[in-house]
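Q: Have a look at this one.
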Amino acid sequence: MRKVVAGGFLSFDGVAEQPNEFVTEWDDAVDENIGRVLLGRRTYDEWAAFWPTSEIEPFASFINDVDKFVATSTPLTQTWANTTVIEGSVPEFVAQLKQQPGGDIGVHGSIALTQSLLRDGLVDELRLAIAPVLHLRGRKLFDEGVPSRLTLTRHLASPAGYLLLDLQLDG
C-alpha cells in the first residue's frame, strides 16, 4: 500500500504559513528532502502561477511532470499539466489512491489539507524541514494537534542549519 507523506517547511516555533518569509537559504540536503502530490487550492494557485515556467531544478521538472490532485470546491482558473480536481470526498479519494500501485503520495505546502488528512488518519509520515528561525506569526501546521504518537525515522542537520525530520505516525 502507498503511503501519504506530508511535507512542509516550518519555522522553529512551528509556523507553516508563508515559508518564503523565513526559508532564506537552500542546500542540497534540503532539496533532497522534498519528495513526490496532493495540493490544496491555495497552494495549487500559487504553484500553478510559478512552477510551469520555472527553471529551478530539479524540483521544476518533478512538479511539472508528476500527477497532481487538487482538493477544491471551486473550478480551477489556471491550467497546469497533469492536474486533476478531486471529485467528491477527499478522504475517500485519498484512501482509494493509497490502494493503487505507485510510490509515495506527497502533500506539499497545504496547511488545511494536511490538517484534514491528519484528522482523518490518512497521513502515514511527516517530512519536515525546520528553519533555524523564530517567525512568531502565521498559521501553524499543528494548531489542531497531532492525532497520534510519532516515531523519528530519520534526522539530519543541513549545512544551512535546517533540521530535516522524517516522522512516522503511529497508530
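Letters A, B, ... mark the chains of the C-alpha cells in the order given; residue numbers begin at 1 per chain; ligand numbers begin at 1, in order shown.
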Tell me which protein, DNA and RNA residues are within 6 Å of segment 159-171 of chain A, counting only C-alpha atoms, leaving out same-chain ones fewer than 3 positions away, and put them as a ChimeraX atom specification.

A: /A:124-132,148-156

Q: Keeping only N, CA and C atoms, take the residues you just selected and write them out as a compact mmCIF listing (two decimals), in the first residue's frame.

A:
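again.txt, freshly written:
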```
# COMPACT_ATOMS: atom_id res chain seq x y z
N ASP A 124 0.65 9.00 6.79
CA ASP A 124 1.50 7.94 7.32
C ASP A 124 2.83 8.46 7.83
N GLU A 125 3.30 9.55 7.21
CA GLU A 125 4.63 10.05 7.55
C GLU A 125 4.67 11.57 7.36
N LEU A 126 5.46 12.23 8.18
CA LEU A 126 5.74 13.66 8.04
C LEU A 126 7.20 13.82 7.65
N ARG A 127 7.46 14.68 6.68
CA ARG A 127 8.84 15.06 6.32
C ARG A 127 8.92 16.56 6.48
N LEU A 128 9.58 16.98 7.53
CA LEU A 128 9.60 18.39 7.88
C LEU A 128 11.00 18.97 7.73
N ALA A 129 11.07 20.18 7.23
CA ALA A 129 12.31 20.95 7.20
C ALA A 129 12.07 22.14 8.13
N ILE A 130 12.76 22.13 9.25
CA ILE A 130 12.55 23.16 10.27
C ILE A 130 13.66 24.19 10.16
N ALA A 131 13.26 25.42 9.83
CA ALA A 131 14.21 26.51 9.62
C ALA A 131 14.73 27.03 10.97
N PRO A 132 15.98 27.44 11.01
CA PRO A 132 16.55 27.96 12.25
C PRO A 132 16.16 29.42 12.48
N SER A 148 -1.65 11.26 16.90
CA SER A 148 -1.02 10.04 17.40
C SER A 148 0.43 10.30 17.76
N ARG A 149 1.02 9.29 18.33
CA ARG A 149 2.44 9.35 18.68
C ARG A 149 3.27 9.31 17.40
N LEU A 150 4.42 9.95 17.43
CA LEU A 150 5.33 10.00 16.28
C LEU A 150 6.59 9.22 16.60
N THR A 151 7.12 8.55 15.58
CA THR A 151 8.40 7.86 15.71
C THR A 151 9.37 8.49 14.73
N LEU A 152 10.48 8.98 15.25
CA LEU A 152 11.51 9.58 14.41
C LEU A 152 12.20 8.48 13.61
N THR A 153 12.15 8.60 12.27
CA THR A 153 12.76 7.58 11.42
C THR A 153 14.02 8.09 10.72
N ARG A 154 14.21 9.40 10.66
CA ARG A 154 15.41 9.98 10.06
C ARG A 154 15.56 11.40 10.56
N HIS A 155 16.79 11.80 10.77
CA HIS A 155 17.05 13.19 11.13
C HIS A 155 18.41 13.61 10.58
N LEU A 156 18.47 14.87 10.20
CA LEU A 156 19.69 15.40 9.59
C LEU A 156 19.70 16.90 9.79
```

Q: Would you list the contacts of segment 14-18 of chain A as a list in words, taking every protein, DNA or RNA residue within 7 Å and counting only C-alpha atoms, but skipping same-chain residues closer than 2 positions in sequence?

A: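 In the requested form, the answer reads Phe9, Leu10, Ser11, Phe12, Asn20, Glu21, His135, Arg137, Gly138, Arg139, Lys140 and Leu141 of chain A.
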
Q: Once you have the residues from the selection above, write them out as a CSV table (one decimal), in the first residue's frame, restricted to all heavy atoms.

A:
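The new file selection-v4.csv reads:
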```
chain,number,residue,atom,x,y,z
A,9,PHE,N,7.7,23.1,5.3
A,9,PHE,CA,8.7,23.9,5.8
A,9,PHE,C,8.1,24.6,7.0
A,9,PHE,O,7.0,25.2,6.9
A,9,PHE,CB,9.2,25.0,4.8
A,9,PHE,CG,10.0,24.4,3.7
A,9,PHE,CD1,9.5,24.1,2.5
A,9,PHE,CD2,11.4,24.2,3.9
A,9,PHE,CE1,10.2,23.5,1.5
A,9,PHE,CE2,12.2,23.6,2.9
A,9,PHE,CZ,11.6,23.3,1.7
A,10,LEU,N,8.8,24.5,8.2
A,10,LEU,CA,8.3,25.2,9.4
A,10,LEU,C,9.4,26.1,10.0
A,10,LEU,O,10.5,25.7,9.8
A,10,LEU,CB,7.9,24.1,10.5
A,10,LEU,CG,6.9,23.0,10.1
A,10,LEU,CD1,6.7,22.1,11.3
A,10,LEU,CD2,5.6,23.6,9.6
A,11,SER,N,9.0,27.1,10.6
A,11,SER,CA,9.9,27.9,11.4
A,11,SER,C,10.1,27.1,12.7
A,11,SER,O,9.3,26.1,13.0
A,11,SER,CB,9.4,29.3,11.7
A,11,SER,OG,8.2,29.2,12.5
A,12,PHE,N,11.1,27.4,13.5
A,12,PHE,CA,11.4,26.6,14.7
A,12,PHE,C,10.2,26.6,15.7
A,12,PHE,O,10.0,25.7,16.4
A,12,PHE,CB,12.7,27.1,15.4
A,12,PHE,CG,13.2,26.2,16.5
A,12,PHE,CD1,13.8,25.1,16.2
A,12,PHE,CD2,13.0,26.6,17.8
A,12,PHE,CE1,14.3,24.2,17.2
A,12,PHE,CE2,13.4,25.7,18.8
A,12,PHE,CZ,14.1,24.5,18.5
A,20,ASN,N,8.2,31.3,2.4
A,20,ASN,CA,9.2,32.1,1.7
A,20,ASN,C,9.7,33.3,2.5
A,20,ASN,O,10.7,33.9,2.2
A,20,ASN,CB,8.5,32.6,0.4
A,20,ASN,CG,7.2,33.4,0.7
A,20,ASN,OD1,6.3,32.9,1.3
A,20,ASN,ND2,7.2,34.7,0.2
A,21,GLU,N,9.0,33.6,3.6
A,21,GLU,CA,9.4,34.7,4.5
A,21,GLU,C,10.5,34.3,5.5
A,21,GLU,O,11.2,35.1,6.0
A,21,GLU,CB,8.2,35.3,5.3
A,21,GLU,CG,7.2,36.0,4.5
A,21,GLU,CD,6.0,36.5,5.3
A,21,GLU,OE1,6.0,36.4,6.5
A,21,GLU,OE2,5.1,37.1,4.6
A,135,HIS,N,9.6,32.7,13.8
A,135,HIS,CA,8.8,33.5,12.9
A,135,HIS,C,7.8,34.3,13.6
A,135,HIS,O,7.4,35.4,13.3
A,135,HIS,CB,8.2,32.7,11.7
A,135,HIS,CG,7.7,33.5,10.6
A,135,HIS,ND1,8.6,34.4,9.9
A,135,HIS,CD2,6.5,33.6,10.0
A,135,HIS,CE1,7.9,35.0,9.0
A,135,HIS,NE2,6.6,34.6,9.0
A,137,ARG,N,4.6,34.6,13.8
A,137,ARG,CA,3.3,34.9,13.3
A,137,ARG,C,3.0,34.0,12.1
A,137,ARG,O,3.8,33.6,11.4
A,137,ARG,CB,3.2,36.4,12.9
A,137,ARG,CG,4.1,36.8,11.8
A,137,ARG,CD,4.0,38.3,11.5
A,137,ARG,NE,5.2,38.8,10.7
A,137,ARG,CZ,5.4,38.5,9.5
A,137,ARG,NH1,4.6,37.8,8.8
A,137,ARG,NH2,6.5,39.0,8.9
A,138,GLY,N,1.7,33.7,12.0
A,138,GLY,CA,1.2,32.9,10.9
A,138,GLY,C,0.6,31.6,11.4
A,138,GLY,O,0.8,31.2,12.6
A,139,ARG,N,-0.1,30.9,10.5
A,139,ARG,CA,-0.7,29.6,10.8
A,139,ARG,C,0.3,28.6,11.1
A,139,ARG,O,1.3,28.5,10.4
A,139,ARG,CB,-1.6,29.2,9.7
A,139,ARG,CG,-2.8,30.1,9.6
A,139,ARG,CD,-3.8,29.5,8.6
A,139,ARG,NE,-3.2,29.2,7.3
A,139,ARG,CZ,-3.7,28.4,6.4
A,139,ARG,NH1,-4.7,27.7,6.7
A,139,ARG,NH2,-3.0,28.2,5.3
A,140,LYS,N,0.0,27.7,12.0
A,140,LYS,CA,0.9,26.6,12.4
A,140,LYS,C,0.3,25.3,11.8
A,140,LYS,O,-0.9,25.2,11.8
A,140,LYS,CB,1.1,26.5,13.9
A,140,LYS,CG,1.8,27.8,14.4
A,140,LYS,CD,2.1,27.6,15.9
A,140,LYS,CE,2.9,28.9,16.3
A,140,LYS,NZ,3.4,28.8,17.7
A,141,LEU,N,1.2,24.4,11.4
A,141,LEU,CA,0.7,23.1,10.9
A,141,LEU,C,0.0,22.3,11.9
A,141,LEU,O,-1.0,21.7,11.7
A,141,LEU,CB,1.9,22.3,10.3
A,141,LEU,CG,1.5,21.0,9.6
A,141,LEU,CD1,0.6,21.2,8.5
A,141,LEU,CD2,2.8,20.4,9.2
```

Q: Give me every strand (DSSP E) residue in segment 7-143 of chain A, going by DSSP on the backbone, as a list in words.

A: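 Put together, the selection reads Gly7, Gly8, Phe9, Leu10, Ser11, Leu38, Leu39, Gly40, Lys68, Phe69, Val70, Ala71, Thr83, Thr84, Val85, Ile105, Gly106, Val107, His108, Glu125, Leu126, Arg127, Leu128, Ala129, Ile130 and Ala131 of chain A.
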
Q: Select, from A:Ala60, A:Val66, A:Ile86, A:Leu39, the residue with the minimum atom-to-atom distance to Gly103 of chain A, counting only C-alpha atoms.

A: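 Between A:Ala60, A:Val66, A:Ile86, A:Leu39, the residue approaching Gly103 of chain A most closely is A:Val66.
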
Q: Ranking A:Leu117, A:Glu92, A:Glu57, A:Val123 by minimum distance to Asp104 of chain A and counting only C-alpha atoms, which one comes first?

A: A:Val123

Q: Calculated over only C-alpha atoms, which of the candidates A:Ser158, A:Asn64, A:Thr53, A:Gln99 has the smallest distance to Thr83 of chain A?

A: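 Once distances to Thr83 of chain A are computed over only C-alpha atoms, the minimum belongs to A:Asn64.
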
Q: Quick one: residues within 7 Å of Val85 of chain A, only C-alpha atoms counted, chain neighbours fewer than 5 positions away excluded, as a PyMOL selection string?

A: chain A and resi 69-72

Q: Within 10 Å of Lys98 of chain A, counting only C-alpha atoms, which residues qualify if same-chain residues fewer than 5 places away don't, as a compact mmCIF listing (two decimals) with N, CA, C and O atoms, in the first residue's frame?

A:
```
# COMPACT_ATOMS: atom_id res chain seq x y z
N MET A 1 0.85 -1.18 0.00
CA MET A 1 0.00 0.00 0.00
C MET A 1 0.89 1.25 0.00
O MET A 1 1.92 1.29 0.67
N ARG A 2 0.48 2.25 -0.75
CA ARG A 2 1.21 3.51 -0.82
C ARG A 2 1.06 4.28 0.49
O ARG A 2 0.09 4.13 1.20
N LYS A 3 2.04 5.14 0.76
CA LYS A 3 1.99 5.98 1.95
C LYS A 3 1.65 7.41 1.55
O LYS A 3 2.06 7.88 0.48
N VAL A 4 0.94 8.11 2.42
CA VAL A 4 0.75 9.55 2.28
C VAL A 4 1.81 10.21 3.16
O VAL A 4 1.89 9.96 4.36
N GLU A 92 -12.11 9.85 1.06
CA GLU A 92 -12.37 8.63 0.28
C GLU A 92 -11.42 8.55 -0.92
O GLU A 92 -10.89 7.48 -1.23
N PHE A 93 -11.20 9.68 -1.60
CA PHE A 93 -10.29 9.70 -2.75
C PHE A 93 -8.88 9.30 -2.31
O PHE A 93 -8.23 8.48 -2.96
N GLY A 103 4.37 5.00 -6.07
CA GLY A 103 5.20 5.47 -4.98
C GLY A 103 4.40 6.26 -3.97
O GLY A 103 3.17 6.34 -4.01
N ASP A 104 5.14 6.88 -3.06
CA ASP A 104 4.52 7.69 -2.02
C ASP A 104 3.70 8.82 -2.63
O ASP A 104 3.98 9.30 -3.72
N ILE A 105 2.67 9.23 -1.88
CA ILE A 105 1.81 10.33 -2.28
C ILE A 105 2.17 11.52 -1.40
O ILE A 105 2.00 11.46 -0.19
N LEU A 122 -5.11 9.71 7.68
CA LEU A 122 -4.63 9.30 6.37
C LEU A 122 -3.16 9.63 6.10
O LEU A 122 -2.63 9.24 5.07
```

Q: May I ask for the distance between atom CA of Ser116 of chain A and atom CA of Thr74 of chain A, given in Å to one decimal place?

A: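 Spanning atom CA of Ser116 of chain A to atom CA of Thr74 of chain A is a straight-line distance of 17.8 Å.
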
Q: Between A:Gly121, A:Gly109, A:Pro75, A:Gly7, which has the minimum distance to Ala95 of chain A (counting only C-alpha atoms)?

A: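 Using only C-alpha atoms, Ala95 of chain A sits closest to A:Gly121.
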